[in-house]
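Chemist: This structure is in structure tokens; I'll ask about it shortly.
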Amino acid sequence: MKKRLLALIGAVTLAVGLLAGCGGTAKTEEATMAEDNAGELETITVAASATPHAEILEQAKEILKEQGYDLQITVFEDYIQPNNVVDSGEMDANYFQHINYLNSFNEEKGTKLVVADNGKIHYEPFGIYPGKKATLDELEDGDSIAIPNDTTNEARALLLLQQEGLIKLKDGVGVTATVNDVEENPKNLELVEVEAAQVPKQLQSVAFGVINGNYALEAGLNAGKDSLAVESADGDAIQQYVNILTVKEGNESSDKIVALTNVLKSEEIVNFINERYEGAVVPYEGE
């Protein structure tokens, strides 16, 4: 009897062990399947400026994940490397620049970068911000105004100064204007050319500064609240300075790029932009 009882206990123990072993195997298989599914996400790599571009991209991450894409964002502080890493094929796209800057970069560097299909995402109104002086009415003869020194952003700054009657440019120069195209400067203003990202840092030493929308935001400034003047919404400059998703030529309509642009133009992202930036960043409604 005792032998039978010991045999029964042994059999039960063996059965429990087998069941436990099966259960452990099942859990391992589930974990493996989860890892495999995660690995199936197709990666999209994007170079971006911190504000607002990377912030907007962050909102697109979960939506893209549901569509099978892993959006990886790398923030750059300059205007050169984001184009270089896309042209080299190191990254799929960048989101930091407007069309005129892209065209200028291609011409100067010999790169073949293009706007992604449906890749016009938003625009950021340029603003004139107070420096040592609080209002434009305080402007005096010889005062200094800091402006971006890169080709396209300098033209945009000059057009805004002209819009406000502070200078007059030569006829027809438009978005190609440089400081050499200033035809009239009644107050003998000193136009201080500095790298775009440095303009906010110059405000303590100049009367006013003309700042890109993204760099203004990074400095805690909002074109809708803090600027003394902004670009006219129906002006030519706004239409030519739409911020874009940029890719290497030939990749503009790839599946993952189309997926990304569709999300960036979606109602969810449009609502985020409007609510978050309150007019400092404006969704582009055209194609």
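The chains in the structure tokens are called A, B, ... from first to last as shown; in each chain the residues are counted from 1, and the ligands are counted from 1 in the order shown.
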Sorted by chain and rising residue number, which residues of range 22-129 of chain A lie within 6 Å of range 198-213 of chain A, and what are their closest atom pairs and distances in Å to one decimal, counting only C-alpha atoms, as CSV?

Modeler:
residue,atom,partner,partner_atom,distance
A:Glu124,CA,A:Gly213,CA,4.8
A:Pro125,CA,A:Gly213,CA,5.8
A:Phe126,CA,A:Asn212,CA,5.2
A:Gly127,CA,A:Val210,CA,5.6
A:Ile128,CA,A:Val210,CA,4.5
A:Tyr129,CA,A:Gly209,CA,5.3

Chemist: What's the 12 Å shell around Glu138 in chain A, counting only C-alpha atoms, without same-chain residues fewer than 6 positions away, as a list of chain:residue names?

Modeler: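 Skipping anything fewer than 6 positions along the chain leaves A:Pro130, A:Gly131, A:Lys132, A:Lys187, A:Ala207, A:Phe208, A:Leu228.
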
Chemist: Please dump the current selection as a short mmCIF file (atom, residue, chain, number, x, y, z; two decimals), in the first residue's frame; keep C-alpha atoms.

Modeler:
data_model
loop_
_atom_site.label_atom_id
_atom_site.label_comp_id
_atom_site.auth_asym_id
_atom_site.auth_seq_id
_atom_site.Cartn_x
_atom_site.Cartn_y
_atom_site.Cartn_z
CA PRO A 130 11.83 94.08 -28.45
CA GLY A 131 15.42 94.26 -27.32
CA LYS A 132 16.71 97.28 -25.44
CA LYS A 187 16.89 106.21 -39.66
CA ALA A 207 17.19 97.75 -30.07
CA PHE A 208 15.20 94.98 -31.76
CA LEU A 228 5.91 94.01 -32.13
#

Chemist: Using the chain letters and numbers from this document, which residues of range 185-231 of chain A does DSSP assign to strand (DSSP E or B), as a PyMOL selection string?

Modeler: chain A and resi 190-194+208-211+229-230

Chemist: Write out, as a short mmCIF file (atom, residue, chain, number, x, y, z; two decimals), in the first residue's frame, the residues just selected, with N, CA and C atoms.

Modeler:
data_model
loop_
_atom_site.label_atom_id
_atom_site.label_comp_id
_atom_site.auth_asym_id
_atom_site.auth_seq_id
_atom_site.Cartn_x
_atom_site.Cartn_y
_atom_site.Cartn_z
N GLU A 190 21.39 100.22 -38.09
CA GLU A 190 22.49 99.27 -38.24
C GLU A 190 21.89 97.87 -38.23
N LEU A 191 22.01 97.17 -39.36
CA LEU A 191 21.46 95.83 -39.48
C LEU A 191 22.56 94.83 -39.11
N VAL A 192 22.42 94.22 -37.96
CA VAL A 192 23.45 93.33 -37.41
C VAL A 192 23.15 91.90 -37.85
N GLU A 193 23.99 91.36 -38.72
CA GLU A 193 23.76 90.02 -39.26
C GLU A 193 24.43 88.97 -38.37
N VAL A 194 23.61 88.05 -37.84
CA VAL A 194 24.13 86.97 -37.01
C VAL A 194 23.45 85.66 -37.39
N PHE A 208 16.21 95.98 -31.41
CA PHE A 208 15.20 94.98 -31.76
C PHE A 208 15.87 93.80 -32.47
N GLY A 209 15.14 92.70 -32.56
CA GLY A 209 15.63 91.55 -33.31
C GLY A 209 14.52 90.96 -34.15
N VAL A 210 14.88 90.49 -35.34
CA VAL A 210 13.92 89.82 -36.21
C VAL A 210 14.23 88.32 -36.12
N ILE A 211 13.27 87.54 -35.62
CA ILE A 211 13.57 86.16 -35.23
C ILE A 211 12.68 85.17 -35.97
N ALA A 229 5.64 93.16 -34.38
CA ALA A 229 5.09 93.10 -35.74
C ALA A 229 5.38 91.71 -36.29
N VAL A 230 4.47 91.20 -37.11
CA VAL A 230 4.67 89.90 -37.77
C VAL A 230 4.38 90.02 -39.25
#

Chemist: So which residues of range 57-274 of chain A fall under alpha helix (DSSP H) by DSSP, listed as an MDAnalysis selection string?

Modeler: chainID A and resid 57:66 81:87 99:109 151:163 199:202 213:218 236:240 255:264 267:274

Chemist: Using only C-alpha atoms, tabulate the residues of range 98-164 of chain A lying at most 7 Å from any atom of range 170-179 of chain A, each with its closest atom pair and that distance in Å to one decimal, by chain and increasing residue number, as CSV.

Modeler:
residue,atom,partner,partner_atom,distance
A:Thr152,CA,A:Val175,CA,6.6
A:Glu154,CA,A:Thr178,CA,6.5
A:Ala155,CA,A:Ala177,CA,4.6
A:Arg156,CA,A:Val175,CA,6.4
